[in-house]
Amino acid sequence: MIVETTSGQVRGLNGAFRGIPYAEAKRFELPAPPKPWTGVRDALEPGPAAPQPPSRLEHALGPIPLPQSEDCLSLNVFTPSTTGRRPVLVWIHGGGFSSGSGGQVWYTGTRLAREADAVVVTLNYRLGALGFLAAEGVPPNLGIADQLAALEWVRDNIAAFGGDPAQVTLGGQSAGAQSTLALWSSPRARGLVQQIALQSAPVGMPPSTWDEANQNALLLQREVDIRKATKEQLIEAQLAVVAKTAKPGSIEPPFQLVADSDLVAEDLVEAAGPGRALISWTKEELRAFVPDAPPETVEAANSFFMSGRLAGKLDAFVYRFDWRAPGNRFGACHCLDIPFLFGTHDVWDAPMLEDAPKGLEEETGLRKVWAAFLHGKRPSLEWDALRPPERP
């Protein structure tokens, strides 16, 4: 299966095209179009993940075993057919702006693309200090600039994969949902995205101000020469900054979105324009971070991941995800809805899924909700694990 892109031909397998370069960038520089290639490039394996430390949620999600490289700006396309015109879902992974990869097996889009009759795109972007440093001489929000470059690639190339560039849904989970909201709120992305889908967006964590973010950059620069350090040295220094800036009870990372009045607004909700949105959160988000937190603390924490103000601004379909593995201490925690969306229980060995019944990859309830939304329809909550928001 060979497809022509603006950079050259790529060969996929069974509707999956993995590791396609959408941009390239030197350290602390803006992304640029990738160098074209001649011949046919195999697109059979995901590209390397962005440099990163172990996930702070590894105890719930399991490890991310992919190789890492600063040359990480690639994406993956999953399509039922390269002919026709289908709606497109561009998915941005979560990980607190410091970990994760669109090439992770969790995000294999084959089942979702087939059942939703849509084209699914997952992508990598720069993380941590490499993607969100606020220092003199470094453009802010490079990770968001990467995501914008991926959207431009989709605009220019997705028709060749059977997708419709005029029907693009941008979606993500956690930091990926916050990134989605940032791009939706930025004039730079207008025309590239028609609607958004947010899973567990941490709307209670506003972007950092330049001064706040620059203080963390200065701490990093005291640890290491950011231009000359190896990626391993940079990650070690980044972890030292995490240790110095950690606040009790806070999940805010030191390197995250920075309000710059360009790619990232000061108030993402206030800056969000009108449009269709799919908004959700899990019943017990906090348990991925603190499994044994008391119920009242868990319930209170949900306001961090759900904004009635945002839902009120948009034409939003809103639901809560309640499913939990019987007896599992993580409950209906942050990230638990991901395998139900992608249908990847059979390839994801995660502690939060221990004791779950076999065959859950065949549970279509959540994918039906997303499929309806992708096709411009209003979803219905037919699966009993999904709940409408409670009325005050």
# chains A, B, ... in the order shown; residues from 1 in each chain; ligands from 1
$ residues_around --residues "Asp260 in chain A" --least-positions-apart "2" --cutoff "12 Å" --atoms "only C-alpha atoms" --output "PyMOL selection string"
chain A and resi 132+134+139-142+144+182+186+207-211+213+257-258+262-268
$ write_last_selection --atoms "C-alpha atoms" --output "PDB file, in the first residue's frame"
ATOM      1  CA  PHE A 132       8.290  24.066  26.605  1.00  0.00           C
ATOM      2  CA  ALA A 134      10.850  29.770  28.287  1.00  0.00           C
ATOM      3  CA  PRO A 139      10.832  30.342  20.929  1.00  0.00           C
ATOM      4  CA  PRO A 140       8.200  29.418  23.547  1.00  0.00           C
ATOM      5  CA  ASN A 141       5.804  26.502  23.149  1.00  0.00           C
ATOM      6  CA  LEU A 142       7.861  24.578  20.593  1.00  0.00           C
ATOM      7  CA  ILE A 144       2.637  23.362  20.301  1.00  0.00           C
ATOM      8  CA  ALA A 182      -4.687  25.893  23.157  1.00  0.00           C
ATOM      9  CA  SER A 186      -5.163  30.333  18.776  1.00  0.00           C
ATOM     10  CA  PRO A 207      -0.656  28.263  31.211  1.00  0.00           C
ATOM     11  CA  SER A 208       2.402  29.603  32.994  1.00  0.00           C
ATOM     12  CA  THR A 209       3.246  33.264  32.663  1.00  0.00           C
ATOM     13  CA  TRP A 210       6.547  34.042  30.955  1.00  0.00           C
ATOM     14  CA  ASP A 211       8.098  35.088  34.301  1.00  0.00           C
ATOM     15  CA  ALA A 213       8.272  29.681  33.219  1.00  0.00           C
ATOM     16  CA  LEU A 257       2.245  25.741  28.175  1.00  0.00           C
ATOM     17  CA  VAL A 258       3.474  29.329  28.366  1.00  0.00           C
ATOM     18  CA  ASP A 262       0.240  33.712  19.919  1.00  0.00           C
ATOM     19  CA  LEU A 263       0.034  29.931  20.139  1.00  0.00           C
ATOM     20  CA  VAL A 264      -1.117  29.940  23.772  1.00  0.00           C
ATOM     21  CA  ALA A 265      -3.622  32.381  25.254  1.00  0.00           C
ATOM     22  CA  GLU A 266      -3.414  33.544  28.858  1.00  0.00           C
ATOM     23  CA  ASP A 267      -6.915  32.153  29.511  1.00  0.00           C
ATOM     24  CA  LEU A 268      -7.593  29.206  27.200  1.00  0.00           C
TER      25      LEU A 268
END
$ closest_atom_pairs --of "range 312-346 of chain A" --to "range 46-58 of chain A" --cutoff "12 Å" --atoms "only C-alpha atoms" --output "tab-separated table"
residue	atom	partner	partner_atom	distance
A:Phe330	CA	A:Leu57	CA	11.2
A:Cys333	CA	A:Leu57	CA	11.0
A:His334	CA	A:Leu57	CA	9.5
A:Cys335	CA	A:Leu57	CA	9.6
A:Leu336	CA	A:Leu57	CA	11.8
$ select_by_dssp --residues "range 11-115 of chain A" --states "alpha helix (DSSP H)" --output "ChimeraX atom specification"
/A:58-61,110-115
$ closest_residue --among "A:Glu361, A:Leu366, A:Gln178, A:Leu73" --to "Ala32 in chain A" --atoms "only C-alpha atoms"
A:Leu73
$ atom_distance --atom1 "CA of Trp91 in chain A" --atom2 "CA of Ile2 in chain A"
22.9 Å
$ select_by_dssp --residues "range 15-91 of chain A" --states "strand (DSSP E)" --output "ChimeraX atom specification"
/A:16-21,40-42,74-78,86-91
$ write_last_selection --atoms "C-alpha atoms" --output "short mmCIF file (atom, residue, chain, number, x, y, z; two decimals), in the first residue's frame"
data_model
loop_
_atom_site.label_atom_id
_atom_site.label_comp_id
_atom_site.auth_asym_id
_atom_site.auth_seq_id
_atom_site.Cartn_x
_atom_site.Cartn_y
_atom_site.Cartn_z
CA ALA A 16 -1.45 1.67 8.90
CA PHE A 17 1.32 4.11 7.99
CA ARG A 18 3.74 4.65 10.87
CA GLY A 19 6.66 6.95 11.52
CA ILE A 20 6.03 9.46 8.71
CA PRO A 21 8.11 12.63 9.21
CA VAL A 40 9.44 4.65 -1.46
CA ARG A 41 9.95 5.07 2.29
CA ASP A 42 8.73 2.23 4.49
CA SER A 74 6.72 11.93 13.07
CA LEU A 75 3.11 10.85 12.89
CA ASN A 76 1.06 7.72 12.22
CA VAL A 77 -1.97 7.39 9.95
CA PHE A 78 -4.62 4.68 10.22
CA ARG A 86 -13.68 10.46 5.54
CA PRO A 87 -13.63 12.64 8.64
CA VAL A 88 -10.23 12.87 10.29
CA LEU A 89 -9.29 12.61 13.96
CA VAL A 90 -5.90 14.11 14.81
CA TRP A 91 -4.99 12.80 18.27
#
$ residues_around --residues "Ile92 in chain A" --least-positions-apart "3" --cutoff "12 Å" --atoms "only C-alpha atoms" --output "PDB file with N, CA and C atoms, in the first residue's frame"
ATOM      1  N   LEU A  75       4.496  11.168  12.586  1.00  0.00           N
ATOM      2  CA  LEU A  75       3.107  10.846  12.888  1.00  0.00           C
ATOM      3  C   LEU A  75       2.733   9.502  12.277  1.00  0.00           C
ATOM      4  N   ASN A  76       1.562   9.022  12.660  1.00  0.00           N
ATOM      5  CA  ASN A  76       1.060   7.721  12.222  1.00  0.00           C
ATOM      6  C   ASN A  76      -0.355   7.913  11.691  1.00  0.00           C
ATOM      7  N   LEU A  89      -9.590  12.319  12.562  1.00  0.00           N
ATOM      8  CA  LEU A  89      -9.286  12.609  13.963  1.00  0.00           C
ATOM      9  C   LEU A  89      -7.773  12.735  14.099  1.00  0.00           C
ATOM     10  N   GLY A  95       0.482  13.126  28.929  1.00  0.00           N
ATOM     11  CA  GLY A  95       1.734  12.814  29.603  1.00  0.00           C
ATOM     12  C   GLY A  95       2.325  14.010  30.325  1.00  0.00           C
ATOM     13  N   GLY A  96       1.469  14.977  30.704  1.00  0.00           N
ATOM     14  CA  GLY A  96       1.947  16.101  31.492  1.00  0.00           C
ATOM     15  C   GLY A  96       2.976  16.958  30.771  1.00  0.00           C
ATOM     16  N   PHE A  97       2.932  16.994  29.436  1.00  0.00           N
ATOM     17  CA  PHE A  97       3.887  17.743  28.619  1.00  0.00           C
ATOM     18  C   PHE A  97       5.324  17.258  28.822  1.00  0.00           C
ATOM     19  N   GLY A 100       5.279  10.430  26.988  1.00  0.00           N
ATOM     20  CA  GLY A 100       4.288   9.905  26.055  1.00  0.00           C
ATOM     21  C   GLY A 100       4.789   9.895  24.627  1.00  0.00           C
ATOM     22  N   SER A 101       4.006   9.251  23.764  1.00  0.00           N
ATOM     23  CA  SER A 101       4.330   9.171  22.338  1.00  0.00           C
ATOM     24  C   SER A 101       3.090   8.760  21.567  1.00  0.00           C
ATOM     25  N   GLY A 102       2.859   9.391  20.430  1.00  0.00           N
ATOM     26  CA  GLY A 102       1.759   8.981  19.572  1.00  0.00           C
ATOM     27  C   GLY A 102       1.982   7.619  18.948  1.00  0.00           C
ATOM     28  N   GLY A 103       3.221   7.130  18.979  1.00  0.00           N
ATOM     29  CA  GLY A 103       3.527   5.810  18.449  1.00  0.00           C
ATOM     30  C   GLY A 103       3.356   4.690  19.447  1.00  0.00           C
ATOM     31  N   GLN A 104       3.017   5.045  20.695  1.00  0.00           N
ATOM     32  CA  GLN A 104       2.803   4.017  21.707  1.00  0.00           C
ATOM     33  C   GLN A 104       1.675   3.084  21.283  1.00  0.00           C
ATOM     34  N   TYR A 107      -2.143   3.733  21.414  1.00  0.00           N
ATOM     35  CA  TYR A 107      -2.834   4.615  20.474  1.00  0.00           C
ATOM     36  C   TYR A 107      -2.922   4.032  19.064  1.00  0.00           C
ATOM     37  N   VAL A 120      -7.528   8.191  11.310  1.00  0.00           N
ATOM     38  CA  VAL A 120      -6.988   8.544  12.618  1.00  0.00           C
ATOM     39  C   VAL A 120      -5.496   8.856  12.466  1.00  0.00           C
ATOM     40  N   VAL A 121      -5.090   9.993  12.993  1.00  0.00           N
ATOM     41  CA  VAL A 121      -3.690  10.420  12.960  1.00  0.00           C
ATOM     42  C   VAL A 121      -3.212  10.608  14.390  1.00  0.00           C
ATOM     43  N   THR A 122      -2.105   9.984  14.749  1.00  0.00           N
ATOM     44  CA  THR A 122      -1.477  10.201  16.052  1.00  0.00           C
ATOM     45  C   THR A 122      -0.093  10.781  15.810  1.00  0.00           C
ATOM     46  N   LEU A 123       0.415  11.562  16.753  1.00  0.00           N
ATOM     47  CA  LEU A 123       1.657  12.286  16.467  1.00  0.00           C
ATOM     48  C   LEU A 123       2.539  12.415  17.692  1.00  0.00           C
ATOM     49  N   ASN A 124       3.824  12.670  17.426  1.00  0.00           N
ATOM     50  CA  ASN A 124       4.790  13.022  18.456  1.00  0.00           C
ATOM     51  C   ASN A 124       5.037  14.522  18.426  1.00  0.00           C
ATOM     52  N   TYR A 125       5.421  15.069  19.554  1.00  0.00           N
ATOM     53  CA  TYR A 125       5.821  16.470  19.634  1.00  0.00           C
ATOM     54  C   TYR A 125       6.866  16.589  20.732  1.00  0.00           C
ATOM     55  N   ARG A 126       7.639  17.659  20.717  1.00  0.00           N
ATOM     56  CA  ARG A 126       8.716  17.797  21.704  1.00  0.00           C
ATOM     57  C   ARG A 126       8.148  18.033  23.107  1.00  0.00           C
ATOM     58  N   GLY A 143       6.616  22.689  21.492  1.00  0.00           N
ATOM     59  CA  GLY A 143       5.781  21.493  21.361  1.00  0.00           C
ATOM     60  C   GLY A 143       4.454  21.794  20.683  1.00  0.00           C
ATOM     61  N   ILE A 144       3.883  22.965  20.959  1.00  0.00           N
ATOM     62  CA  ILE A 144       2.637  23.362  20.301  1.00  0.00           C
ATOM     63  C   ILE A 144       2.908  23.739  18.850  1.00  0.00           C
ATOM     64  N   ASP A 146       5.082  22.316  17.048  1.00  0.00           N
ATOM     65  CA  ASP A 146       5.155  21.000  16.385  1.00  0.00           C
ATOM     66  C   ASP A 146       3.758  20.502  16.034  1.00  0.00           C
ATOM     67  N   GLN A 147       2.840  20.595  16.978  1.00  0.00           N
ATOM     68  CA  GLN A 147       1.466  20.129  16.738  1.00  0.00           C
ATOM     69  C   GLN A 147       0.819  20.916  15.597  1.00  0.00           C
ATOM     70  N   LEU A 148       1.078  22.212  15.543  1.00  0.00           N
ATOM     71  CA  LEU A 148       0.554  23.031  14.458  1.00  0.00           C
ATOM     72  C   LEU A 148       1.131  22.576  13.121  1.00  0.00           C
ATOM     73  N   ALA A 150       2.039  19.582  12.415  1.00  0.00           N
ATOM     74  CA  ALA A 150       1.364  18.320  12.083  1.00  0.00           C
ATOM     75  C   ALA A 150      -0.006  18.586  11.468  1.00  0.00           C
ATOM     76  N   LEU A 151      -0.725  19.576  11.986  1.00  0.00           N
ATOM     77  CA  LEU A 151      -2.027  19.939  11.404  1.00  0.00           C
ATOM     78  C   LEU A 151      -1.862  20.455   9.974  1.00  0.00           C
ATOM     79  N   THR A 169     -11.225  16.798  13.156  1.00  0.00           N
ATOM     80  CA  THR A 169     -11.429  16.924  14.592  1.00  0.00           C
ATOM     81  C   THR A 169     -10.068  16.829  15.264  1.00  0.00           C
ATOM     82  N   LEU A 170      -9.726  17.803  16.069  1.00  0.00           N
ATOM     83  CA  LEU A 170      -8.510  17.742  16.872  1.00  0.00           C
ATOM     84  C   LEU A 170      -8.902  17.279  18.259  1.00  0.00           C
ATOM     85  N   GLY A 171      -8.251  16.240  18.748  1.00  0.00           N
ATOM     86  CA  GLY A 171      -8.602  15.694  20.050  1.00  0.00           C
ATOM     87  C   GLY A 171      -7.379  15.224  20.802  1.00  0.00           C
ATOM     88  N   GLY A 172      -7.574  14.976  22.084  1.00  0.00           N
ATOM     89  CA  GLY A 172      -6.486  14.476  22.907  1.00  0.00           C
ATOM     90  C   GLY A 172      -6.948  14.241  24.323  1.00  0.00           C
ATOM     91  N   GLN A 173      -6.015  13.721  25.118  1.00  0.00           N
ATOM     92  CA  GLN A 173      -6.324  13.387  26.505  1.00  0.00           C
ATOM     93  C   GLN A 173      -5.297  14.059  27.411  1.00  0.00           C
ATOM     94  N   SER A 174      -5.746  14.598  28.531  1.00  0.00           N
ATOM     95  CA  SER A 174      -4.876  15.227  29.519  1.00  0.00           C
ATOM     96  C   SER A 174      -4.087  16.372  28.873  1.00  0.00           C
ATOM     97  N   ALA A 175      -2.752  16.320  28.895  1.00  0.00           N
ATOM     98  CA  ALA A 175      -1.976  17.384  28.253  1.00  0.00           C
ATOM     99  C   ALA A 175      -2.296  17.491  26.778  1.00  0.00           C
ATOM    100  N   GLY A 176      -2.682  16.372  26.149  1.00  0.00           N
ATOM    101  CA  GLY A 176      -3.097  16.420  24.759  1.00  0.00           C
ATOM    102  C   GLY A 176      -4.401  17.171  24.578  1.00  0.00           C
ATOM    103  N   ALA A 177      -5.302  17.068  25.546  1.00  0.00           N
ATOM    104  CA  ALA A 177      -6.549  17.835  25.508  1.00  0.00           C
ATOM    105  C   ALA A 177      -6.276  19.312  25.772  1.00  0.00           C
ATOM    106  N   GLN A 178      -5.370  19.600  26.697  1.00  0.00           N
ATOM    107  CA  GLN A 178      -5.009  20.996  26.962  1.00  0.00           C
ATOM    108  C   GLN A 178      -4.338  21.613  25.724  1.00  0.00           C
ATOM    109  N   SER A 179      -3.506  20.836  25.041  1.00  0.00           N
ATOM    110  CA  SER A 179      -2.891  21.299  23.791  1.00  0.00           C
ATOM    111  C   SER A 179      -3.963  21.571  22.742  1.00  0.00           C
ATOM    112  N   THR A 180      -4.939  20.673  22.668  1.00  0.00           N
ATOM    113  CA  THR A 180      -6.047  20.848  21.727  1.00  0.00           C
ATOM    114  C   THR A 180      -6.776  22.154  21.984  1.00  0.00           C
ATOM    115  N   LEU A 181      -7.054  22.437  23.252  1.00  0.00           N
ATOM    116  CA  LEU A 181      -7.742  23.671  23.607  1.00  0.00           C
ATOM    117  C   LEU A 181      -6.886  24.889  23.275  1.00  0.00           C
ATOM    118  N   ALA A 182      -5.581  24.782  23.489  1.00  0.00           N
ATOM    119  CA  ALA A 182      -4.687  25.893  23.157  1.00  0.00           C
ATOM    120  C   ALA A 182      -4.730  26.201  21.671  1.00  0.00           C
ATOM    121  N   LEU A 183      -4.676  25.158  20.839  1.00  0.00           N
ATOM    122  CA  LEU A 183      -4.700  25.373  19.394  1.00  0.00           C
ATOM    123  C   LEU A 183      -6.063  25.897  18.940  1.00  0.00           C
ATOM    124  N   ILE A 196     -13.435  20.015  18.161  1.00  0.00           N
ATOM    125  CA  ILE A 196     -12.450  19.481  19.099  1.00  0.00           C
ATOM    126  C   ILE A 196     -13.078  18.430  20.011  1.00  0.00           C
ATOM    127  N   ALA A 197     -12.227  17.542  20.527  1.00  0.00           N
ATOM    128  CA  ALA A 197     -12.653  16.502  21.461  1.00  0.00           C
ATOM    129  C   ALA A 197     -11.645  16.453  22.603  1.00  0.00           C
ATOM    130  N   LEU A 198     -12.127  16.650  23.823  1.00  0.00           N
ATOM    131  CA  LEU A 198     -11.254  16.774  24.987  1.00  0.00           C
ATOM    132  C   LEU A 198     -11.543  15.677  25.991  1.00  0.00           C
ATOM    133  N   GLN A 199     -10.560  14.843  26.274  1.00  0.00           N
ATOM    134  CA  GLN A 199     -10.649  13.855  27.357  1.00  0.00           C
ATOM    135  C   GLN A 199      -9.795  14.346  28.518  1.00  0.00           C
ATOM    136  N   ALA A 201      -9.207  17.189  30.079  1.00  0.00           N
ATOM    137  CA  ALA A 201      -8.372  18.380  29.915  1.00  0.00           C
ATOM    138  C   ALA A 201      -8.126  19.027  31.280  1.00  0.00           C
ATOM    139  N   ILE A 338      -8.796   5.656  27.630  1.00  0.00           N
ATOM    140  CA  ILE A 338      -8.006   5.575  26.393  1.00  0.00           C
ATOM    141  C   ILE A 338      -8.155   4.227  25.698  1.00  0.00           C
TER     142      ILE A 338
END
$ atom_distance --atom1 "CA of Lys368 in chain A" --atom2 "CA of Asp349 in chain A"
23.9 Å
$ closest_atom_pairs --of "range 127-197 of chain A" --to "range 218-239 of chain A" --cutoff "9 Å" --atoms "only C-alpha atoms" --output "JSON lines"
{"residue": "A:Gly128", "atom": "CA", "partner": "A:Gln238", "partner_atom": "CA", "distance": 7.6}
{"residue": "A:Ala129", "atom": "CA", "partner": "A:Gln238", "partner_atom": "CA", "distance": 6.9}
{"residue": "A:Leu130", "atom": "CA", "partner": "A:Leu234", "partner_atom": "CA", "distance": 8.6}
{"residue": "A:Ala134", "atom": "CA", "partner": "A:Leu218", "partner_atom": "CA", "distance": 9.0}
{"residue": "A:Ala135", "atom": "CA", "partner": "A:Leu218", "partner_atom": "CA", "distance": 7.6}
$ residues_around --residues "Phe161 in chain A" --least-positions-apart "4" --cutoff "10 Å" --atoms "only C-alpha atoms" --output "PyMOL selection string"
chain A and resi 2-5+15-17+77-86+119+154+157
$ decode --residues "range 39-150 of chain A" --atoms "C-alpha atoms" --output "PDB file, in the first residue's frame"
ATOM      1  CA  GLY A  39      11.938   6.239  -3.836  1.00  0.00           C
ATOM      2  CA  VAL A  40       9.445   4.648  -1.463  1.00  0.00           C
ATOM      3  CA  ARG A  41       9.949   5.068   2.285  1.00  0.00           C
ATOM      4  CA  ASP A  42       8.733   2.226   4.489  1.00  0.00           C
ATOM      5  CA  ALA A  43       6.214   3.494   7.048  1.00  0.00           C
ATOM      6  CA  LEU A  44       5.898   0.259   9.000  1.00  0.00           C
ATOM      7  CA  GLU A  45       7.242   1.189  12.461  1.00  0.00           C
ATOM      8  CA  PRO A  46       6.546   4.184  14.713  1.00  0.00           C
ATOM      9  CA  GLY A  47       9.239   6.812  14.948  1.00  0.00           C
ATOM     10  CA  PRO A  48      11.207   7.349  18.170  1.00  0.00           C
ATOM     11  CA  ALA A  49       9.551   9.083  21.091  1.00  0.00           C
ATOM     12  CA  ALA A  50      10.653  12.529  22.194  1.00  0.00           C
ATOM     13  CA  PRO A  51      13.347  12.449  24.911  1.00  0.00           C
ATOM     14  CA  GLN A  52      11.659  11.997  28.264  1.00  0.00           C
ATOM     15  CA  PRO A  53      11.985  10.555  31.772  1.00  0.00           C
ATOM     16  CA  PRO A  54       9.761   7.680  32.920  1.00  0.00           C
ATOM     17  CA  SER A  55       6.119   8.724  33.160  1.00  0.00           C
ATOM     18  CA  ARG A  56       5.007   9.874  36.583  1.00  0.00           C
ATOM     19  CA  LEU A  57       1.971   7.601  36.026  1.00  0.00           C
ATOM     20  CA  GLU A  58       4.003   4.513  35.145  1.00  0.00           C
ATOM     21  CA  HIS A  59       2.707   2.852  38.307  1.00  0.00           C
ATOM     22  CA  ALA A  60      -0.798   2.967  36.765  1.00  0.00           C
ATOM     23  CA  LEU A  61      -0.126   2.833  33.018  1.00  0.00           C
ATOM     24  CA  GLY A  62       2.993   0.726  32.703  1.00  0.00           C
ATOM     25  CA  PRO A  63       6.229   1.753  30.916  1.00  0.00           C
ATOM     26  CA  ILE A  64       6.717   3.419  27.536  1.00  0.00           C
ATOM     27  CA  PRO A  65       9.429   1.236  25.941  1.00  0.00           C
ATOM     28  CA  LEU A  66       9.954   3.097  22.643  1.00  0.00           C
ATOM     29  CA  PRO A  67      13.450   4.378  21.728  1.00  0.00           C
ATOM     30  CA  GLN A  68      13.952   8.124  22.147  1.00  0.00           C
ATOM     31  CA  SER A  69      15.525  10.757  19.897  1.00  0.00           C
ATOM     32  CA  GLU A  70      15.450  14.499  19.401  1.00  0.00           C
ATOM     33  CA  ASP A  71      14.617  13.653  15.787  1.00  0.00           C
ATOM     34  CA  CYS A  72      11.104  12.711  16.841  1.00  0.00           C
ATOM     35  CA  LEU A  73       8.652  14.716  14.723  1.00  0.00           C
ATOM     36  CA  SER A  74       6.721  11.928  13.072  1.00  0.00           C
ATOM     37  CA  LEU A  75       3.107  10.846  12.888  1.00  0.00           C
ATOM     38  CA  ASN A  76       1.060   7.721  12.222  1.00  0.00           C
ATOM     39  CA  VAL A  77      -1.965   7.391   9.949  1.00  0.00           C
ATOM     40  CA  PHE A  78      -4.619   4.682  10.219  1.00  0.00           C
ATOM     41  CA  THR A  79      -7.208   4.480   7.456  1.00  0.00           C
ATOM     42  CA  PRO A  80      -9.917   2.040   6.366  1.00  0.00           C
ATOM     43  CA  SER A  81      -9.140   2.912   2.728  1.00  0.00           C
ATOM     44  CA  THR A  82      -7.007   5.377   0.807  1.00  0.00           C
ATOM     45  CA  THR A  83      -9.951   6.148  -1.466  1.00  0.00           C
ATOM     46  CA  GLY A  84     -12.963   8.286  -0.572  1.00  0.00           C
ATOM     47  CA  ARG A  85     -13.291  11.208   1.840  1.00  0.00           C
ATOM     48  CA  ARG A  86     -13.680  10.465   5.545  1.00  0.00           C
ATOM     49  CA  PRO A  87     -13.631  12.635   8.642  1.00  0.00           C
ATOM     50  CA  VAL A  88     -10.232  12.871  10.289  1.00  0.00           C
ATOM     51  CA  LEU A  89      -9.286  12.609  13.963  1.00  0.00           C
ATOM     52  CA  VAL A  90      -5.899  14.113  14.814  1.00  0.00           C
ATOM     53  CA  TRP A  91      -4.990  12.801  18.272  1.00  0.00           C
ATOM     54  CA  ILE A  92      -2.511  14.471  20.654  1.00  0.00           C
ATOM     55  CA  HIS A  93      -1.200  12.209  23.415  1.00  0.00           C
ATOM     56  CA  GLY A  94      -1.056  13.178  27.066  1.00  0.00           C
ATOM     57  CA  GLY A  95       1.734  12.814  29.603  1.00  0.00           C
ATOM     58  CA  GLY A  96       1.947  16.101  31.492  1.00  0.00           C
ATOM     59  CA  PHE A  97       3.887  17.743  28.619  1.00  0.00           C
ATOM     60  CA  SER A  98       6.829  15.601  29.723  1.00  0.00           C
ATOM     61  CA  SER A  99       6.195  12.006  28.587  1.00  0.00           C
ATOM     62  CA  GLY A 100       4.288   9.905  26.055  1.00  0.00           C
ATOM     63  CA  SER A 101       4.330   9.171  22.338  1.00  0.00           C
ATOM     64  CA  GLY A 102       1.759   8.981  19.572  1.00  0.00           C
ATOM     65  CA  GLY A 103       3.527   5.810  18.449  1.00  0.00           C
ATOM     66  CA  GLN A 104       2.803   4.017  21.707  1.00  0.00           C
ATOM     67  CA  VAL A 105       0.832   0.801  21.168  1.00  0.00           C
ATOM     68  CA  TRP A 106      -1.975   2.240  23.318  1.00  0.00           C
ATOM     69  CA  TYR A 107      -2.834   4.615  20.474  1.00  0.00           C
ATOM     70  CA  THR A 108      -2.969   2.121  17.624  1.00  0.00           C
ATOM     71  CA  GLY A 109      -5.792   3.600  15.573  1.00  0.00           C
ATOM     72  CA  THR A 110      -6.724   0.631  13.376  1.00  0.00           C
ATOM     73  CA  ARG A 111      -9.856  -0.437  15.253  1.00  0.00           C
ATOM     74  CA  LEU A 112     -11.120   3.094  15.827  1.00  0.00           C
ATOM     75  CA  ALA A 113     -10.569   4.046  12.166  1.00  0.00           C
ATOM     76  CA  ARG A 114     -12.414   0.970  10.932  1.00  0.00           C
ATOM     77  CA  GLU A 115     -15.391   1.183  13.286  1.00  0.00           C
ATOM     78  CA  ALA A 116     -15.786   4.967  12.964  1.00  0.00           C
ATOM     79  CA  ASP A 117     -15.100   4.972   9.204  1.00  0.00           C
ATOM     80  CA  ALA A 118     -12.595   7.755   9.802  1.00  0.00           C
ATOM     81  CA  VAL A 119      -8.900   8.438   9.325  1.00  0.00           C
ATOM     82  CA  VAL A 120      -6.988   8.544  12.618  1.00  0.00           C
ATOM     83  CA  VAL A 121      -3.690  10.420  12.960  1.00  0.00           C
ATOM     84  CA  THR A 122      -1.477  10.201  16.052  1.00  0.00           C
ATOM     85  CA  LEU A 123       1.657  12.286  16.467  1.00  0.00           C
ATOM     86  CA  ASN A 124       4.790  13.022  18.456  1.00  0.00           C
ATOM     87  CA  TYR A 125       5.821  16.470  19.634  1.00  0.00           C
ATOM     88  CA  ARG A 126       8.716  17.797  21.704  1.00  0.00           C
ATOM     89  CA  LEU A 127       8.302  17.413  25.453  1.00  0.00           C
ATOM     90  CA  GLY A 128       9.651  18.827  28.685  1.00  0.00           C
ATOM     91  CA  ALA A 129      12.338  21.477  28.426  1.00  0.00           C
ATOM     92  CA  LEU A 130      12.946  20.668  24.760  1.00  0.00           C
ATOM     93  CA  GLY A 131       9.336  21.537  23.960  1.00  0.00           C
ATOM     94  CA  PHE A 132       8.290  24.066  26.605  1.00  0.00           C
ATOM     95  CA  LEU A 133      11.314  26.027  27.783  1.00  0.00           C
ATOM     96  CA  ALA A 134      10.850  29.770  28.287  1.00  0.00           C
ATOM     97  CA  ALA A 135      14.326  31.245  27.905  1.00  0.00           C
ATOM     98  CA  GLU A 136      15.908  34.140  26.048  1.00  0.00           C
ATOM     99  CA  GLY A 137      16.624  33.141  22.464  1.00  0.00           C
ATOM    100  CA  VAL A 138      14.275  30.129  22.560  1.00  0.00           C
ATOM    101  CA  PRO A 139      10.832  30.342  20.929  1.00  0.00           C
ATOM    102  CA  PRO A 140       8.200  29.418  23.547  1.00  0.00           C
ATOM    103  CA  ASN A 141       5.804  26.502  23.149  1.00  0.00           C
ATOM    104  CA  LEU A 142       7.861  24.578  20.593  1.00  0.00           C
ATOM    105  CA  GLY A 143       5.781  21.493  21.361  1.00  0.00           C
ATOM    106  CA  ILE A 144       2.637  23.362  20.301  1.00  0.00           C
ATOM    107  CA  ALA A 145       4.424  24.654  17.201  1.00  0.00           C
ATOM    108  CA  ASP A 146       5.155  21.000  16.385  1.00  0.00           C
ATOM    109  CA  GLN A 147       1.466  20.129  16.738  1.00  0.00           C
ATOM    110  CA  LEU A 148       0.554  23.031  14.458  1.00  0.00           C
ATOM    111  CA  ALA A 149       3.043  21.740  11.867  1.00  0.00           C
ATOM    112  CA  ALA A 150       1.364  18.320  12.083  1.00  0.00           C
TER     113      ALA A 150
END
